[in-house]
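Asks: Input my_file.cif, format and content: mmCIF, C-alpha atoms.
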```
data_data
#
loop_
_atom_site.group_PDB
_atom_site.id
_atom_site.type_symbol
_atom_site.label_atom_id
_atom_site.label_comp_id
_atom_site.auth_asym_id
_atom_site.auth_seq_id
_atom_site.Cartn_x
_atom_site.Cartn_y
_atom_site.Cartn_z
ATOM 1 C CA MET U 1 -82.237 -55.049 156.661
ATOM 2 C CA LYS U 2 -79.045 -53.786 155.003
ATOM 3 C CA ILE U 3 -76.329 -53.316 157.634
ATOM 4 C CA ALA U 4 -72.776 -52.020 157.409
ATOM 5 C CA ALA U 5 -69.958 -52.555 159.901
ATOM 6 C CA PHE U 6 -67.052 -50.126 159.613
ATOM 7 C CA ASN U 7 -63.480 -50.581 160.819
ATOM 8 C CA GLY U 8 -60.930 -48.067 159.565
ATOM 9 C CA PHE U 9 -58.090 -49.401 161.715
ATOM 10 C CA LEU U 10 -55.455 -51.974 160.792
ATOM 11 C CA PHE U 11 -56.552 -53.856 163.919
ATOM 12 C CA HIS U 12 -59.869 -54.672 165.633
ATOM 13 C CA ASP U 13 -61.087 -56.866 162.774
ATOM 14 C CA GLU U 14 -61.628 -59.444 165.525
ATOM 15 C CA MET U 15 -64.629 -57.304 166.514
ATOM 16 C CA PHE U 16 -66.540 -58.258 163.367
ATOM 17 C CA GLY U 17 -67.264 -61.768 164.651
ATOM 18 C CA TYR U 18 -70.191 -60.983 166.928
ATOM 19 C CA ILE U 19 -71.690 -58.634 164.323
ATOM 20 C CA ILE U 20 -71.608 -61.417 161.725
ATOM 21 C CA HIS U 21 -73.148 -63.816 164.244
ATOM 22 C CA PHE U 22 -75.926 -61.308 165.012
ATOM 23 C CA CYS U 23 -76.674 -60.599 161.348
ATOM 24 C CA LYS U 24 -76.661 -64.290 160.451
ATOM 25 C CA HIS U 25 -79.117 -65.045 163.260
ATOM 26 C CA HIS U 26 -81.445 -62.182 162.313
ATOM 27 C CA LYS U 27 -81.034 -62.755 158.540
ATOM 28 C CA HIS U 28 -79.693 -59.271 157.818
ATOM 29 C CA GLU U 29 -77.671 -58.384 154.733
ATOM 30 C CA LEU U 30 -74.207 -57.423 155.974
ATOM 31 C CA THR U 31 -71.289 -55.545 154.442
ATOM 32 C CA LEU U 32 -67.959 -55.256 156.258
ATOM 33 C CA PHE U 33 -65.847 -52.191 155.516
ATOM 34 C CA CYS U 34 -62.186 -52.755 156.387
ATOM 35 C CA HIS U 35 -58.690 -52.581 154.937
ATOM 36 C CA THR U 36 -58.470 -54.868 151.916
ATOM 37 C CA GLU U 37 -55.110 -53.789 150.483
ATOM 38 C CA TYR U 38 -53.389 -56.596 152.387
ATOM 39 C CA TYR U 39 -54.330 -60.201 153.079
ATOM 40 C CA ASN U 40 -56.857 -60.127 155.923
ATOM 41 C CA HIS U 41 -56.556 -63.274 158.015
ATOM 42 C CA TYR U 42 -59.681 -62.515 160.046
ATOM 43 C CA ILE U 43 -61.828 -62.244 156.924
ATOM 44 C CA GLU U 44 -60.448 -65.592 155.760
ATOM 45 C CA PHE U 45 -61.414 -67.109 159.122
ATOM 46 C CA TYR U 46 -64.913 -65.577 159.090
ATOM 47 C CA LYS U 47 -65.650 -66.938 155.614
ATOM 48 C CA LYS U 48 -64.636 -70.400 156.801
ATOM 49 C CA HIS U 49 -66.377 -70.214 160.172
ATOM 50 C CA PHE U 50 -69.659 -68.653 158.997
ATOM 51 C CA HIS U 51 -69.938 -70.828 155.921
ATOM 52 C CA GLY U 52 -73.443 -70.784 154.492
ATOM 53 C CA TYR U 53 -73.918 -67.107 155.380
ATOM 54 C CA TYR U 54 -72.749 -64.693 152.710
ATOM 55 C CA PHE U 55 -71.499 -61.233 153.647
ATOM 56 C CA ASN U 56 -69.798 -58.580 151.548
ATOM 57 C CA VAL U 57 -66.298 -57.261 152.203
ATOM 58 C CA VAL U 58 -65.533 -53.787 150.825
ATOM 59 C CA ASP U 59 -62.511 -51.521 151.205
ATOM 60 C CA MET U 60 -63.110 -48.996 153.989
ATOM 61 C CA ARG U 61 -62.033 -46.134 151.705
ATOM 62 C CA LEU U 62 -65.224 -46.651 149.673
ATOM 63 C CA PHE U 63 -67.497 -46.244 152.685
ATOM 64 C CA ASP U 64 -68.296 -42.561 152.162
ATOM 65 C CA GLN U 65 -69.493 -43.307 148.638
ATOM 66 C CA LEU U 66 -71.720 -46.208 149.706
ATOM 67 C CA LYS U 67 -72.901 -45.360 153.233
ATOM 68 C CA TYR U 68 -76.303 -43.970 152.221
ATOM 69 C CA GLY U 69 -77.289 -47.384 150.905
ATOM 70 C CA PHE U 70 -77.493 -48.876 154.417
ATOM 71 C CA GLU U 71 -80.274 -48.804 156.988
ATOM 72 C CA ARG U 72 -78.062 -49.335 160.030
ATOM 73 C CA ILE U 73 -74.303 -48.966 160.642
ATOM 74 C CA PHE U 74 -71.984 -50.344 163.320
ATOM 75 C CA LEU U 75 -68.896 -48.244 164.077
ATOM 76 C CA MET U 76 -66.622 -50.963 165.405
ATOM 77 C CA THR U 77 -64.395 -48.622 167.444
ATOM 78 C CA ASP U 78 -65.767 -45.428 168.935
ATOM 79 C CA ILE U 79 -62.588 -43.401 168.437
ATOM 80 C CA ASP U 80 -61.995 -44.413 164.790
ATOM 81 C CA GLN U 81 -61.319 -41.080 163.071
ATOM 82 C CA ASN U 82 -61.611 -42.690 159.639
ATOM 83 C CA PHE U 83 -65.361 -42.595 160.258
ATOM 84 C CA LYS U 84 -66.654 -39.095 159.484
ATOM 85 C CA ASP U 85 -69.320 -37.999 161.942
ATOM 86 C CA ASN U 86 -70.285 -34.666 160.366
ATOM 87 C CA ASP U 87 -73.531 -35.945 158.837
ATOM 88 C CA PRO U 88 -76.438 -35.955 161.324
ATOM 89 C CA TYR U 89 -78.362 -38.549 159.296
ATOM 90 C CA ILE U 90 -75.485 -41.049 159.229
ATOM 91 C CA ASN U 91 -74.896 -40.443 162.930
ATOM 92 C CA SER U 92 -78.576 -41.171 163.611
ATOM 93 C CA ILE U 93 -78.408 -44.658 162.051
ATOM 94 C CA THR U 94 -75.035 -45.558 163.578
ATOM 95 C CA ILE U 95 -74.297 -47.563 166.719
ATOM 96 C CA ARG U 96 -70.892 -46.770 168.143
ATOM 97 C CA ILE U 97 -69.085 -49.537 170.005
ATOM 98 C CA ASP U 98 -67.328 -48.086 173.052
ATOM 99 C CA HIS U 99 -63.956 -49.563 173.981
ATOM 100 C CA TYR U 100 -63.030 -47.201 176.779
ATOM 101 C CA GLY U 101 -64.458 -45.881 180.009
ATOM 102 C CA GLU U 102 -64.379 -42.287 178.833
ATOM 103 C CA ILE U 103 -67.145 -41.314 176.379
ATOM 104 C CA ARG U 104 -65.215 -40.287 173.276
ATOM 105 C CA ARG U 105 -67.857 -39.803 170.530
ATOM 106 C CA GLU U 106 -70.807 -37.918 171.997
ATOM 107 C CA ASN U 107 -72.369 -36.855 168.703
ATOM 108 C CA ILE U 108 -73.310 -40.466 167.923
ATOM 109 C CA ASN U 109 -76.139 -41.080 170.348
ATOM 110 C CA ASN U 110 -76.621 -44.842 169.962
ATOM 111 C CA PHE U 111 -73.959 -46.972 171.608
ATOM 112 C CA ILE U 112 -73.043 -50.246 173.219
ATOM 113 C CA ALA U 113 -70.005 -50.889 175.392
ATOM 114 C CA THR U 114 -67.682 -53.876 175.143
ATOM 115 C CA ARG U 115 -67.536 -54.285 178.935
ATOM 116 C CA PRO U 116 -68.715 -52.755 182.220
ATOM 117 C CA PHE U 117 -66.444 -49.802 182.954
ATOM 118 C CA LYS U 118 -65.605 -48.358 186.340
ATOM 119 C CA ASN U 119 -67.116 -44.985 185.416
ATOM 120 C CA ASN U 120 -69.734 -43.837 182.899
ATOM 121 C CA TYR U 121 -71.702 -47.091 183.007
ATOM 122 C CA ARG U 122 -73.334 -48.060 179.706
ATOM 123 C CA LYS U 123 -75.273 -51.068 178.512
ATOM 124 C CA TRP U 124 -72.702 -53.602 177.420
ATOM 125 C CA ALA U 125 -72.251 -56.947 175.736
ATOM 126 C CA LEU U 126 -69.038 -58.918 175.481
ATOM 127 C CA PRO U 127 -68.028 -59.220 171.796
ATOM 128 C CA CYS U 128 -68.035 -63.004 171.772
ATOM 129 C CA TYR U 129 -69.763 -65.654 169.662
ATOM 130 C CA PRO U 130 -69.576 -69.457 169.378
ATOM 131 C CA ILE U 131 -66.391 -70.768 167.813
ATOM 132 C CA TYR U 132 -66.057 -74.035 169.747
ATOM 133 C CA TYR U 133 -68.624 -75.945 171.760
ATOM 134 C CA SER U 134 -68.035 -77.897 174.941
ATOM 135 C CA VAL U 135 -68.019 -81.381 173.398
ATOM 136 C CA GLU U 136 -65.362 -80.612 170.777
ATOM 137 C CA LYS U 137 -63.318 -78.620 173.299
ATOM 138 C CA TYR U 138 -63.371 -81.501 175.788
ATOM 139 C CA ASP U 139 -62.329 -83.919 173.054
ATOM 140 C CA ALA U 140 -59.390 -81.718 172.033
ATOM 141 C CA LEU U 141 -58.123 -81.183 175.588
ATOM 142 C CA LYS U 142 -58.257 -84.900 176.368
ATOM 143 C CA GLN U 143 -55.561 -85.467 173.753
ATOM 144 C CA ASN U 144 -53.097 -83.072 175.416
ATOM 145 C CA ASN U 145 -50.008 -84.374 177.193
ATOM 146 C CA THR U 146 -49.334 -80.881 178.533
ATOM 147 C CA ILE U 147 -51.289 -78.063 180.188
ATOM 148 C CA ASN U 148 -51.305 -75.275 177.621
ATOM 149 C CA ILE U 149 -51.681 -71.667 178.765
ATOM 150 C CA MET U 150 -51.885 -68.788 176.316
ATOM 151 C CA ILE U 151 -50.983 -65.137 176.808
ATOM 152 C CA LEU U 152 -52.433 -63.184 173.902
ATOM 153 C CA GLY U 153 -51.165 -59.805 172.742
ATOM 154 C CA ASN U 154 -49.726 -56.820 174.603
ATOM 155 C CA CYS U 155 -46.157 -58.001 174.003
ATOM 156 C CA ARG U 156 -44.930 -54.413 173.932
ATOM 157 C CA GLU U 157 -45.051 -54.591 177.722
ATOM 158 C CA ARG U 158 -43.014 -56.905 179.925
ATOM 159 C CA TYR U 159 -45.199 -59.562 181.467
ATOM 160 C CA ASP U 160 -45.106 -59.932 185.228
ATOM 161 C CA GLU U 161 -43.075 -63.096 185.700
ATOM 162 C CA LYS U 162 -44.104 -63.229 189.365
ATOM 163 C CA ILE U 163 -47.701 -63.826 188.250
ATOM 164 C CA ILE U 164 -46.612 -66.502 185.772
ATOM 165 C CA ASN U 165 -44.519 -68.272 188.410
ATOM 166 C CA ARG U 166 -47.564 -68.444 190.686
ATOM 167 C CA LEU U 167 -49.373 -70.708 188.201
ATOM 168 C CA GLN U 168 -49.678 -74.271 189.423
ATOM 169 C CA CYS U 169 -51.584 -77.165 187.924
ATOM 170 C CA GLU U 170 -53.411 -79.811 189.904
ATOM 171 C CA SER U 171 -52.290 -82.521 187.471
ATOM 172 C CA ASN U 172 -48.743 -83.761 186.966
ATOM 173 C CA LYS U 173 -48.642 -82.648 183.355
ATOM 174 C CA PRO U 174 -45.935 -80.127 182.386
ATOM 175 C CA ILE U 175 -47.074 -76.545 181.751
ATOM 176 C CA ILE U 176 -46.347 -74.704 178.508
ATOM 177 C CA ILE U 177 -46.902 -70.957 178.107
ATOM 178 C CA ASN U 178 -47.737 -69.991 174.516
ATOM 179 C CA VAL U 179 -47.229 -66.264 173.918
ATOM 180 C CA VAL U 180 -49.064 -65.026 170.820
ATOM 181 C CA SER U 181 -48.826 -61.493 169.449
ATOM 182 C CA ARG U 182 -48.573 -59.627 166.167
ATOM 183 C CA LYS U 183 -45.212 -58.292 167.241
ATOM 184 C CA ILE U 184 -43.066 -59.666 170.032
ATOM 185 C CA LYS U 185 -40.303 -57.761 171.783
ATOM 186 C CA ARG U 186 -38.028 -60.688 172.448
ATOM 187 C CA GLU U 187 -35.890 -58.612 174.784
ATOM 188 C CA ASN U 188 -38.869 -58.598 177.175
ATOM 189 C CA PHE U 189 -38.270 -62.310 177.724
ATOM 190 C CA VAL U 190 -34.540 -62.089 178.386
ATOM 191 C CA GLY U 191 -33.622 -62.948 181.951
ATOM 192 C CA TRP U 192 -36.874 -64.705 182.771
ATOM 193 C CA LYS U 193 -36.559 -67.245 185.556
ATOM 194 C CA LEU U 194 -39.653 -69.317 184.945
ATOM 195 C CA LYS U 195 -40.619 -72.758 186.138
ATOM 196 C CA VAL U 196 -42.397 -73.489 182.840
ATOM 197 C CA ASP U 197 -41.540 -73.665 179.142
ATOM 198 C CA VAL U 198 -42.384 -70.683 176.916
ATOM 199 C CA CYS U 199 -43.126 -70.753 173.176
ATOM 200 C CA LEU U 200 -43.377 -67.520 171.165
ATOM 201 C CA TYR U 201 -45.790 -67.193 168.212
ATOM 202 C CA GLU U 202 -45.394 -63.964 166.261
ATOM 203 C CA ASN U 203 -47.866 -62.737 163.623
ATOM 204 C CA ILE U 204 -49.577 -66.077 163.053
ATOM 205 C CA THR U 205 -52.748 -66.332 160.965
ATOM 206 C CA THR U 206 -56.169 -66.178 162.573
ATOM 207 C CA ASN U 207 -56.891 -69.761 161.522
ATOM 208 C CA ASN U 208 -53.676 -70.883 163.230
ATOM 209 C CA LEU U 209 -54.579 -68.880 166.348
ATOM 210 C CA ILE U 210 -58.020 -70.478 166.552
ATOM 211 C CA ASP U 211 -56.494 -73.947 166.028
ATOM 212 C CA LEU U 212 -54.002 -73.257 168.811
ATOM 213 C CA LEU U 213 -56.808 -72.140 171.132
ATOM 214 C CA LYS U 214 -58.667 -75.388 170.540
ATOM 215 C CA ASN U 215 -55.893 -77.179 172.439
ATOM 216 C CA THR U 216 -55.396 -74.420 175.008
ATOM 217 C CA ASN U 217 -56.557 -75.108 178.565
ATOM 218 C CA TYR U 218 -56.264 -71.589 179.984
ATOM 219 C CA LEU U 219 -55.968 -68.038 178.704
ATOM 220 C CA LEU U 220 -54.155 -65.693 181.089
ATOM 221 C CA THR U 221 -55.106 -62.027 181.092
ATOM 222 C CA ASP U 222 -53.914 -59.220 183.415
ATOM 223 C CA ALA U 223 -50.338 -60.456 183.022
ATOM 224 C CA VAL U 224 -49.020 -56.880 182.888
ATOM 225 C CA ASN U 225 -49.251 -54.164 185.509
ATOM 226 C CA ASP U 226 -51.713 -51.871 183.757
ATOM 227 C CA PRO U 227 -54.771 -50.732 185.748
ATOM 228 C CA HIS U 228 -56.498 -49.540 182.548
ATOM 229 C CA TYR U 229 -57.297 -53.163 181.721
ATOM 230 C CA GLU U 230 -58.857 -53.577 185.125
ATOM 231 C CA GLU U 231 -61.169 -50.567 184.956
ATOM 232 C CA ASN U 232 -61.381 -48.766 181.622
ATOM 233 C CA CYS U 233 -60.545 -50.962 178.634
ATOM 234 C CA MET U 234 -60.734 -54.593 177.641
ATOM 235 C CA SER U 235 -58.070 -57.094 176.722
ATOM 236 C CA GLY U 236 -58.890 -59.011 173.540
ATOM 237 C CA SER U 237 -58.131 -62.144 175.559
ATOM 238 C CA VAL U 238 -61.444 -61.845 177.381
ATOM 239 C CA PRO U 239 -63.941 -62.278 174.512
ATOM 240 C CA ILE U 240 -61.875 -64.813 172.593
ATOM 241 C CA ALA U 241 -61.584 -66.951 175.740
ATOM 242 C CA PHE U 242 -65.376 -67.222 175.866
ATOM 243 C CA SER U 243 -65.708 -67.642 172.100
ATOM 244 C CA THR U 244 -63.372 -70.652 172.168
ATOM 245 C CA LEU U 245 -64.402 -71.935 175.632
ATOM 246 C CA THR U 246 -60.866 -71.489 176.906
ATOM 247 C CA THR U 247 -60.889 -71.011 180.679
ATOM 248 C CA LEU U 248 -60.001 -67.411 181.488
ATOM 249 C CA VAL U 249 -57.488 -66.708 184.250
ATOM 250 C CA ILE U 250 -58.301 -63.161 185.345
ATOM 251 C CA SER U 251 -57.449 -60.921 188.285
ATOM 252 C CA LYS U 252 -60.098 -60.230 190.882
ATOM 253 C CA GLN U 253 -59.314 -56.542 190.329
ATOM 254 C CA SER U 254 -60.751 -56.884 186.799
ATOM 255 C CA ASN U 255 -63.421 -59.463 187.477
ATOM 256 C CA LYS U 256 -65.127 -57.346 190.130
ATOM 257 C CA TYR U 257 -66.534 -55.375 187.172
ATOM 258 C CA TYR U 258 -67.323 -58.304 184.833
ATOM 259 C CA ASN U 259 -68.476 -60.716 187.543
ATOM 260 C CA PHE U 260 -67.702 -63.781 185.422
ATOM 261 C CA LYS U 261 -68.537 -67.066 187.136
ATOM 262 C CA ASN U 262 -66.711 -69.814 185.250
ATOM 263 C CA VAL U 263 -63.194 -68.418 185.402
ATOM 264 C CA ILE U 264 -60.119 -68.737 187.587
ATOM 265 C CA GLU U 265 -59.626 -65.586 189.617
ATOM 266 C CA PHE U 266 -56.389 -64.431 191.248
ATOM 267 C CA ASP U 267 -55.280 -61.456 193.310
ATOM 268 C CA LYS U 268 -52.594 -59.371 191.618
ATOM 269 C CA ASP U 269 -51.535 -57.999 195.013
ATOM 270 C CA SER U 270 -50.960 -61.435 196.523
ATOM 271 C CA GLN U 271 -48.162 -63.969 196.276
ATOM 272 C CA ASP U 272 -50.491 -66.934 196.681
ATOM 273 C CA ILE U 273 -50.357 -69.813 194.233
ATOM 274 C CA ILE U 274 -52.808 -69.583 191.328
ATOM 275 C CA TYR U 275 -54.295 -73.074 191.158
ATOM 276 C CA LEU U 276 -55.298 -74.036 187.623
ATOM 277 C CA LYS U 277 -58.327 -76.123 188.464
ATOM 278 C CA ASP U 278 -60.695 -77.677 185.964
ATOM 279 C CA VAL U 279 -63.683 -75.538 185.010
ATOM 280 C CA ASP U 280 -66.867 -77.234 183.816
ATOM 281 C CA LEU U 281 -66.901 -76.387 180.112
ATOM 282 C CA TYR U 282 -70.622 -77.034 179.835
ATOM 283 C CA GLN U 283 -71.283 -74.375 182.498
ATOM 284 C CA LEU U 284 -68.811 -72.089 180.725
ATOM 285 C CA GLU U 285 -70.753 -72.658 177.513
ATOM 286 C CA GLN U 286 -73.981 -71.720 179.304
ATOM 287 C CA GLU U 287 -72.386 -68.530 180.635
ATOM 288 C CA ARG U 288 -71.234 -67.703 177.109
ATOM 289 C CA SER U 289 -74.786 -68.121 175.846
ATOM 290 C CA GLN U 290 -75.964 -65.588 178.412
ATOM 291 C CA LEU U 291 -73.235 -63.146 177.393
ATOM 292 C CA ILE U 292 -74.143 -63.513 173.715
ATOM 293 C CA SER U 293 -77.859 -63.114 174.392
ATOM 294 C CA ALA U 294 -77.218 -59.711 176.034
ATOM 295 C CA PHE U 295 -76.237 -58.188 172.676
ATOM 296 C CA SER U 296 -79.432 -58.500 170.613
ATOM 297 C CA PRO U 297 -81.852 -56.663 172.976
ATOM 298 C CA ILE U 298 -79.524 -53.671 173.265
ATOM 299 C CA VAL U 299 -79.026 -53.475 169.508
ATOM 300 C CA LEU U 300 -82.689 -53.975 168.712
ATOM 301 C CA ASP U 301 -83.609 -51.211 171.173
ATOM 302 C CA CYS U 302 -81.187 -48.920 169.341
ATOM 303 C CA PHE U 303 -82.627 -49.942 165.977
ATOM 304 C CA ALA U 304 -86.135 -49.144 167.182
ATOM 305 C CA THR U 305 -85.224 -45.557 168.068
ATOM 306 C CA MET U 306 -83.491 -44.786 164.766
#
```
Could you write out this structure as structure tokens?
Replies:
Amino acid sequence: MKIAAFNGFLFHDEMFGYIIHFCKHHKHELTLFCHTEYYNHYIEFYKKHFHGYYFNVVDMRLFDQLKYGFERIFLMTDIDQNFKDNDPYINSITIRIDHYGEIRRENINNFIATRPFKNNYRKWALPCYPIYYSVEKYDALKQNNTINIMILGNCRERYDEKIINRLQCESNKPIIINVVSRKIKRENFVGWKLKVDVCLYENITTNNLIDLLKNTNYLLTDAVNDPHYEENCMSGSVPIAFSTLTTLVISKQSNKYYNFKNVIEFDKDSQDIIYLKDVDLYQLEQERSQLISAFSPIVLDCFATM
């Protein structure tokens, strides 16, 4: 089957990963439509990671000329206005991927959500796929002399330093917080009174990010006071934590919707210490397999009705 995946934004290319994984598994012919006028670090990573599976990469501005040559289309972000939805036929073969609790593209009838939302429940599958496996992750972490925690993205907001200061490790190893974002407002880190060291990584390549995650013990999400991430939208930290088998540290306010098992949960409204215990990476890998396996049945059901 000839499949297209469309992303007209200058972000969200990280969403292509689970589509590539799906198409590779089902032996579909895949074309990614995205911005190609600049060097795309995610595409570079995908070509390296999914070696042996060939997929096309075409500039998103050519999509309208080529779209009738595909049997099925994934719209990677529901609200992407670069995708024209005025053709009933194209709408009928398109699956929109919903990123928000509110339904924002009603004229495309086939959809899958990225997470369970508080309202307007839809079938969902976390956009994750295997990057690392438990054996190689264990081997990498054994070499660490420090406990490495990553905070990924959302550097436009000031992180809640009270949450960060609640982090405590059961081992005697020093803790390092690695903050990674495309753009970092360094003034947001002025005046911090932290008990741990902080390293800032701005606009690093995807390959460098994935390498850094290989040696990362924990990925902290919900580090800002924004209830939207609890109920109505998803932090990119969540799927990449599962993809790389990096233990997710997530608030109970968010996890009451996801119901993840192999994570470290904390209460944003408490002052209690957040104990960074060891999570069994093999069990985390099994949970990831279940999350990945949720995607295909939903998509195949959509395909069958088109």
Asks: Residue by residue, what does the PyMOL selection byres ((chain U and resi 68-77) around 6) grab here? Present the result as a list in words.
Replies: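 When the PyMOL selection byres ((chain U and resi 68-77) around 6) is applied to the shown file, the picked residues are Lys2, Ile3, Ala4, Ala5, Phe6, Asn7, Leu66, Lys67, Asp78, Ile79, Asp80, Ile93, Thr94, Ile95, Arg96 and Ile97 of chain U.
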Asks: Could you state which residues are captured by the PyMOL selection byres ((chain U and resi 234) around 10) in this file, as a PyMOL selection string?
Replies: chain U and resi 99-101+114-117+126+221+228-233+235-239+254
Asks: Output the selection as a PDB file, in the coordinates of the input - C-alpha atoms for each residue.
Replies:
```
ATOM      1  CA  HIS U  99     -63.956 -49.563 173.981  1.00  0.00           C
ATOM      2  CA  TYR U 100     -63.030 -47.201 176.779  1.00  0.00           C
ATOM      3  CA  GLY U 101     -64.458 -45.881 180.009  1.00  0.00           C
ATOM      4  CA  THR U 114     -67.682 -53.876 175.143  1.00  0.00           C
ATOM      5  CA  ARG U 115     -67.536 -54.285 178.935  1.00  0.00           C
ATOM      6  CA  PRO U 116     -68.715 -52.755 182.220  1.00  0.00           C
ATOM      7  CA  PHE U 117     -66.444 -49.802 182.954  1.00  0.00           C
ATOM      8  CA  LEU U 126     -69.038 -58.918 175.481  1.00  0.00           C
ATOM      9  CA  THR U 221     -55.106 -62.027 181.092  1.00  0.00           C
ATOM     10  CA  HIS U 228     -56.498 -49.540 182.548  1.00  0.00           C
ATOM     11  CA  TYR U 229     -57.297 -53.163 181.721  1.00  0.00           C
ATOM     12  CA  GLU U 230     -58.857 -53.577 185.125  1.00  0.00           C
ATOM     13  CA  GLU U 231     -61.169 -50.567 184.956  1.00  0.00           C
ATOM     14  CA  ASN U 232     -61.381 -48.766 181.622  1.00  0.00           C
ATOM     15  CA  CYS U 233     -60.545 -50.962 178.634  1.00  0.00           C
ATOM     16  CA  SER U 235     -58.070 -57.094 176.722  1.00  0.00           C
ATOM     17  CA  GLY U 236     -58.890 -59.011 173.540  1.00  0.00           C
ATOM     18  CA  SER U 237     -58.131 -62.144 175.559  1.00  0.00           C
ATOM     19  CA  VAL U 238     -61.444 -61.845 177.381  1.00  0.00           C
ATOM     20  CA  PRO U 239     -63.941 -62.278 174.512  1.00  0.00           C
ATOM     21  CA  SER U 254     -60.751 -56.884 186.799  1.00  0.00           C
TER      22      SER U 254
END
```
Asks: Go through the shown structure with the PyMOL selection byres ((chain U and resi 188) around 12) and write out the matching residues as a PDB file with C-alpha atoms, keeping the file's coordinate frame.
Replies:
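Below is the file that was written, out.pdb:
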```
ATOM      1  CA  ASN U 154     -49.726 -56.820 174.603  1.00  0.00           C
ATOM      2  CA  CYS U 155     -46.157 -58.001 174.003  1.00  0.00           C
ATOM      3  CA  ARG U 156     -44.930 -54.413 173.932  1.00  0.00           C
ATOM      4  CA  GLU U 157     -45.051 -54.591 177.722  1.00  0.00           C
ATOM      5  CA  ARG U 158     -43.014 -56.905 179.925  1.00  0.00           C
ATOM      6  CA  TYR U 159     -45.199 -59.562 181.467  1.00  0.00           C
ATOM      7  CA  ASP U 160     -45.106 -59.932 185.228  1.00  0.00           C
ATOM      8  CA  GLU U 161     -43.075 -63.096 185.700  1.00  0.00           C
ATOM      9  CA  VAL U 179     -47.229 -66.264 173.918  1.00  0.00           C
ATOM     10  CA  LYS U 183     -45.212 -58.292 167.241  1.00  0.00           C
ATOM     11  CA  ILE U 184     -43.066 -59.666 170.032  1.00  0.00           C
ATOM     12  CA  LYS U 185     -40.303 -57.761 171.783  1.00  0.00           C
ATOM     13  CA  ARG U 186     -38.028 -60.688 172.448  1.00  0.00           C
ATOM     14  CA  GLU U 187     -35.890 -58.612 174.784  1.00  0.00           C
ATOM     15  CA  PHE U 189     -38.270 -62.310 177.724  1.00  0.00           C
ATOM     16  CA  VAL U 190     -34.540 -62.089 178.386  1.00  0.00           C
ATOM     17  CA  GLY U 191     -33.622 -62.948 181.951  1.00  0.00           C
ATOM     18  CA  TRP U 192     -36.874 -64.705 182.771  1.00  0.00           C
ATOM     19  CA  LEU U 200     -43.377 -67.520 171.165  1.00  0.00           C
ATOM     20  CA  VAL U 224     -49.020 -56.880 182.888  1.00  0.00           C
TER      21      VAL U 224
END
```
Asks: Looking at U:Leu209, U:Ala113, U:Ile147, U:Ile250, which one is nearest to Ile163 of chain U, with distances taken over only C-alpha atoms?
Replies: U:Ile250
Asks: When distances are computed from only C-alpha atoms, which of U:Glu102, U:Glu285, U:Asp13, U:Asp222 shows the smallest separation from Ile131 of chain U?
Replies: U:Glu285
Asks: I want to know what sits within 8 Å of segment 136-146 of chain U, based on only C-alpha atoms, with residues of the same chain fewer than 5 positions away left out; could you give that as a list in words?
Replies: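 Counting only C-alpha atoms, the residues come to Lys173, Pro174, Ile175, Ile176, Lys214, Asn215, Thr216, Asn217, Leu245 and Leu281 of chain U.
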Asks: Go through U:Glu44, U:Asp226, U:Glu29, U:Asp59 one by one, measure the shortest atom-to-atom distance of each to Leu10 of chain U using all atoms listed in the file, and give the residue with the smallest value.
Replies: U:Asp59
